[in-house]
Amino acid sequence: MKIHTFNYSKLAIIFTLVLGMIASLTQAIAATPGSHVKIYIPSLPYLYISHAINGSLIKPADNHQGWDYDVAVSHSQINDTTYEFKLRQGVVFQDGSPFNADSVIENMTYFKKQPFLFSKINLVYDYTEKVDDYTVRFHLKEKYGSFLNDVIWMQFYTTTYLEKFGWNGKATSPNLAEAGPYGLGPYILQEGYIEGDRQTEKAVLVANPNYYNKEAAKVETFTIYTQLDSKVALSDVSDTEGALDIMPIPITEAEKVQNSAYAKLVNSDSNSNIAVHINMITGNPKLKDKKVRLALNRALDQKKMGKTAFKGFAEIKPTMASPNYPGVRNAMEKIQVYSEAEAPKAIRSELKSVLNGLTLNVLTQERYMFMWKAIARDFRKVGVKLNFDITTDEKVIFEQLLSTNAGKNTKQWDLLVWGNDDWYFNHPWSAFFVYQTDSVWSTVSPDTTMNNYISEMFKESTGTPEFDKSVYNIMQHVYDNAYMLVVPAPKNVYAVNNKLTNFKPYRIATMPLWDISVTDSHWSLR
């Protein structure tokens, strides 16, 4: 009789391989099955979710430098105009196609044809060179200290996407023109589209099974809302389970969230700014007068506004730039907030002689009305009346803002507000770019001195005395000419479902969807 024996060592090897395959499959779908988080992002949603969908050499991070490596693993600066990056190996696009140096070259070829236009990179970028399959060199035409700040928005797309859309060549970035597996990020845009100048009211993101970091997608599905009534949204997040999980809240509603059974209040320091444009191009002709612009700023009691309208979740400042930017706080030691230099109440008669009888048209999102009520009270005391055009749609704001420099705005506005959060990661260009008077983002009359100051700043790197001097020159010039209506710098204040974990707002305009997770008692898992 033949006796069969088992080779237990072979069996152990097979068992180990099977466990490895199971583990691999589990890692490929690391997100909790069925988990679903709903988020309302009313300002710059394309920036906040971009790096959850797209990949770049470096990505935003809430650290001192403002970034971490993404599809690059290291870099070096060879000289003033040459940067070399080593690429992460084993990375694939969301459709499974390989990412390597050839992908970078292809993308930068399209970028060269239609670069984004919100910095100086479109003028100083020259070409990209392939060193080997996983090494690339970027060549610039001149010294450019903020190159890495632009690299974060040089995001890479599949050949299919590039052949359909290329790079957008717009004043906004990045490209999220169509849903599909076109990027490198931990989430795939499954439904909708989100760009700076156009967006659907809802976008749906699903976990990317091909992402190189299998731990980066902990939630299976995100629904992003870009246009909601803030009062309805606040009720959804604080009074109703399952309607909404995360939203930045009007600061006046902090107490409501603190008393909610479903939501918790999360706040943190930020580099965010509230940009209040003064229309010197097509607005009320009186706004071309520097005395009028200065009087409007001198009439606002920023300290009182910070305590009452912003409920203490803000910091006063002399220009739009957040005090948390490199170089800005140093400049603030020499430039005093208007209302701190002169108490508005003490100079009211003088301000009335300049402003009395002035009527201004305000274009605003509904979410900023808490602030405008405080502004209107201060303005009434000096004879200024405000008429409001209110929308819940940020597209309306940008449609008018981005057409004003060319004199093509279709709404008559004098003051316009939008949430100018730090999209340039820890660099004051996020605030200064609206002063570049030949840019579509600017509503400032032509100013050669201003443009020259900006050109000088771009040559320097943050953290150097030369950079700090450039920041001071820009801020002092802006302050002297009152180019914007200055309001306090807000903190991040969010209402967050109390069954969410690991949600921590960044100081910059990125929402780290890859960090968010849910507990077993979250509505989506019950």
# chains A, B, ... in the order shown; residues from 1 in each chain; ligands from 1
$ residues_around --residues "stretch 298-300 of chain A" --least-positions-apart "5" --cutoff "12 Å" --atoms "only C-alpha atoms" --output "ChimeraX atom specification"
/A:291-293,305-306,316,318,336-352,354-356,371-384,479-480,482,484-488
$ write_last_selection --atoms "N, CA and C atoms" --output "tab-separated table (two decimals), in the first residue's frame"
chain	number	residue	atom	x	y	z
A	291	LYS	N	-7.23	109.18	-1.53
A	291	LYS	CA	-7.80	109.70	-0.29
A	291	LYS	C	-9.09	108.97	0.09
A	292	VAL	N	-9.89	108.62	-0.93
A	292	VAL	CA	-11.15	107.90	-0.67
A	292	VAL	C	-10.86	106.48	-0.18
A	293	ARG	N	-9.93	105.79	-0.84
A	293	ARG	CA	-9.60	104.42	-0.44
A	293	ARG	C	-9.01	104.38	0.96
A	305	MET	N	-14.06	94.72	15.10
A	305	MET	CA	-14.60	93.74	14.15
A	305	MET	C	-14.11	92.34	14.50
A	306	GLY	N	-12.84	92.24	14.86
A	306	GLY	CA	-12.28	90.95	15.23
A	306	GLY	C	-12.95	90.34	16.44
A	316	ILE	N	-5.91	91.05	13.61
A	316	ILE	CA	-5.88	92.27	12.82
A	316	ILE	C	-4.54	92.39	12.11
A	318	PRO	N	-2.26	95.05	8.83
A	318	PRO	CA	-2.26	96.31	8.09
A	318	PRO	C	-2.59	96.17	6.61
A	336	GLN	N	1.72	99.93	10.75
A	336	GLN	CA	0.68	99.84	11.76
A	336	GLN	C	-0.70	99.70	11.14
A	337	VAL	N	-1.54	98.87	11.73
A	337	VAL	CA	-2.93	98.74	11.29
A	337	VAL	C	-3.59	100.12	11.29
A	338	TYR	N	-4.36	100.42	10.24
A	338	TYR	CA	-4.95	101.76	10.11
A	338	TYR	C	-5.67	102.20	11.38
A	339	SER	N	-6.55	101.34	11.88
A	339	SER	CA	-7.38	101.72	13.03
A	339	SER	C	-6.61	101.73	14.34
A	340	GLU	N	-5.38	101.16	14.35
A	340	GLU	CA	-4.53	101.24	15.53
A	340	GLU	C	-3.71	102.54	15.49
A	341	ALA	N	-3.39	102.99	14.30
A	341	ALA	CA	-2.65	104.25	14.16
A	341	ALA	C	-3.52	105.44	14.55
A	342	GLU	N	-4.82	105.36	14.18
A	342	GLU	CA	-5.79	106.42	14.50
A	342	GLU	C	-7.13	105.76	14.79
A	343	ALA	N	-7.68	105.99	15.94
A	343	ALA	CA	-8.98	105.42	16.29
A	343	ALA	C	-10.05	106.01	15.36
A	344	PRO	N	-10.83	105.18	14.67
A	344	PRO	CA	-11.84	105.69	13.72
A	344	PRO	C	-12.79	106.72	14.34
A	345	LYS	N	-13.14	106.52	15.58
A	345	LYS	CA	-14.08	107.45	16.24
A	345	LYS	C	-13.47	108.84	16.35
A	346	ALA	N	-12.15	108.92	16.56
A	346	ALA	CA	-11.51	110.21	16.76
A	346	ALA	C	-11.37	111.01	15.46
A	347	ILE	N	-11.44	110.34	14.32
A	347	ILE	CA	-11.24	111.04	13.04
A	347	ILE	C	-12.52	111.02	12.19
A	348	ARG	N	-13.64	110.76	12.82
A	348	ARG	CA	-14.88	110.60	12.07
A	348	ARG	C	-15.25	111.85	11.27
A	349	SER	N	-15.06	113.00	11.83
A	349	SER	CA	-15.40	114.23	11.10
A	349	SER	C	-14.55	114.38	9.84
A	350	GLU	N	-13.27	114.08	9.98
A	350	GLU	CA	-12.38	114.16	8.82
A	350	GLU	C	-12.81	113.16	7.74
A	351	LEU	N	-13.17	111.94	8.14
A	351	LEU	CA	-13.57	110.92	7.19
A	351	LEU	C	-14.88	111.28	6.50
A	352	LYS	N	-15.79	111.89	7.24
A	352	LYS	CA	-17.07	112.30	6.65
A	352	LYS	C	-16.86	113.33	5.56
A	354	VAL	N	-14.61	113.44	3.48
A	354	VAL	CA	-14.13	112.76	2.28
A	354	VAL	C	-15.18	111.81	1.71
A	355	LEU	N	-15.92	111.13	2.59
A	355	LEU	CA	-16.77	110.02	2.17
A	355	LEU	C	-18.26	110.29	2.19
A	356	ASN	N	-18.71	111.31	2.88
A	356	ASN	CA	-20.15	111.50	3.10
A	356	ASN	C	-20.93	111.54	1.78
A	371	MET	N	-19.63	89.56	8.18
A	371	MET	CA	-18.58	90.56	8.16
A	371	MET	C	-19.09	91.89	7.60
A	372	TRP	N	-19.90	91.80	6.53
A	372	TRP	CA	-20.40	93.02	5.90
A	372	TRP	C	-21.32	93.81	6.82
A	373	LYS	N	-22.03	93.14	7.70
A	373	LYS	CA	-22.88	93.85	8.66
A	373	LYS	C	-22.03	94.75	9.55
A	374	ALA	N	-20.87	94.26	9.96
A	374	ALA	CA	-19.97	95.08	10.78
A	374	ALA	C	-19.36	96.21	9.96
A	375	ILE	N	-18.98	95.92	8.72
A	375	ILE	CA	-18.43	96.96	7.85
A	375	ILE	C	-19.46	98.05	7.60
A	376	ALA	N	-20.70	97.63	7.29
A	376	ALA	CA	-21.76	98.60	7.00
A	376	ALA	C	-22.01	99.52	8.19
A	377	ARG	N	-21.93	98.99	9.41
A	377	ARG	CA	-22.13	99.84	10.60
A	377	ARG	C	-21.05	100.91	10.69
A	378	ASP	N	-19.79	100.52	10.47
A	378	ASP	CA	-18.72	101.51	10.53
A	378	ASP	C	-18.84	102.53	9.40
A	379	PHE	N	-19.24	102.08	8.22
A	379	PHE	CA	-19.37	102.98	7.08
A	379	PHE	C	-20.52	103.97	7.26
A	380	ARG	N	-21.61	103.51	7.85
A	380	ARG	CA	-22.74	104.43	8.05
A	380	ARG	C	-22.34	105.63	8.90
A	381	LYS	N	-21.42	105.43	9.81
A	381	LYS	CA	-20.99	106.50	10.71
A	381	LYS	C	-20.21	107.60	9.99
A	382	VAL	N	-19.75	107.29	8.76
A	382	VAL	CA	-19.03	108.30	7.98
A	382	VAL	C	-19.77	108.61	6.67
A	383	GLY	N	-21.05	108.24	6.62
A	383	GLY	CA	-21.90	108.63	5.50
A	383	GLY	C	-21.81	107.76	4.27
A	384	VAL	N	-21.33	106.52	4.40
A	384	VAL	CA	-21.21	105.61	3.25
A	384	VAL	C	-22.33	104.58	3.30
A	479	TYR	N	-0.08	99.47	1.49
A	479	TYR	CA	-0.65	100.20	2.63
A	479	TYR	C	-0.81	101.69	2.32
A	480	ASP	N	0.23	102.28	1.76
A	480	ASP	CA	0.20	103.73	1.45
A	480	ASP	C	-0.87	104.06	0.43
A	482	ALA	N	-3.65	102.02	-0.16
A	482	ALA	CA	-4.94	101.42	0.22
A	482	ALA	C	-5.59	100.70	-0.96
A	484	MET	N	-6.59	97.60	-1.20
A	484	MET	CA	-7.67	96.68	-0.84
A	484	MET	C	-8.34	97.20	0.42
A	485	LEU	N	-9.57	96.76	0.66
A	485	LEU	CA	-10.22	97.03	1.93
A	485	LEU	C	-9.76	95.94	2.91
A	486	VAL	N	-9.12	96.34	3.99
A	486	VAL	CA	-8.46	95.37	4.87
A	486	VAL	C	-9.38	94.98	6.03
A	487	VAL	N	-9.56	93.68	6.18
A	487	VAL	CA	-10.34	93.12	7.30
A	487	VAL	C	-9.45	92.10	8.02
A	488	PRO	N	-9.82	91.66	9.22
A	488	PRO	CA	-8.96	90.73	9.97
A	488	PRO	C	-8.69	89.42	9.23
$ closest_atom_pairs --of "stretch 346-405 of chain A" --to "stretch 32-45 of chain A" --cutoff "12 Å" --atoms "only C-alpha atoms" --output "Markdown table"
| residue | atom | partner | partner_atom | distance |
| --- | --- | --- | --- | --- |
| A:Thr364 | CA | A:Ser43 | CA | 12.0 |
| A:Gln365 | CA | A:Pro42 | CA | 9.0 |
| A:Glu366 | CA | A:Pro42 | CA | 10.2 |
| A:Arg367 | CA | A:Pro42 | CA | 8.5 |
| A:Tyr368 | CA | A:Pro42 | CA | 11.0 |
| A:Thr391 | CA | A:Pro42 | CA | 11.3 |
| A:Thr392 | CA | A:Pro42 | CA | 8.2 |
| A:Asp393 | CA | A:Pro42 | CA | 7.9 |
| A:Glu394 | CA | A:Ser43 | CA | 6.7 |
| A:Lys395 | CA | A:Ser43 | CA | 9.7 |
| A:Val396 | CA | A:Ser43 | CA | 11.9 |
| A:Ile397 | CA | A:Ser43 | CA | 10.4 |
| A:Phe398 | CA | A:Leu44 | CA | 10.2 |
$ select_by_dssp --residues "stretch 110-288 of chain A" --states "strand (DSSP E)" --output "number ranges by chain"
A: 125-132, 135-140, 187-191, 202-207, 219-225, 246-248, 263-268, 273-278
$ residues_around --residues "stretch 170-187 of chain A" --least-positions-apart "2" --cutoff "6 Å" --atoms "only C-alpha atoms" --output "PyMOL selection string"
chain A and resi 52-55+93-95+116-118+157-158+168+189-196+205-208+211+217
$ closest_residue --among "A:Asn279, A:Gln400, A:Gln302, A:Ser517" --to "A:Leu415" --atoms "only C-alpha atoms"
A:Asn279
$ closest_residue --among "A:Ser103, A:Val496, A:Lys164, A:Glu460" --to "A:Leu244" --atoms "only C-alpha atoms"
A:Val496
$ closest_residue --among "A:Gln227, A:Asn271, A:Gln155, A:Asn451" --to "A:Lys120" --atoms "only C-alpha atoms"
A:Asn451
$ closest_residue --among "A:Pro428, A:Pro209, A:Pro465, A:Gly145" --to "A:Gln77" --atoms "only C-alpha atoms"
A:Gly145
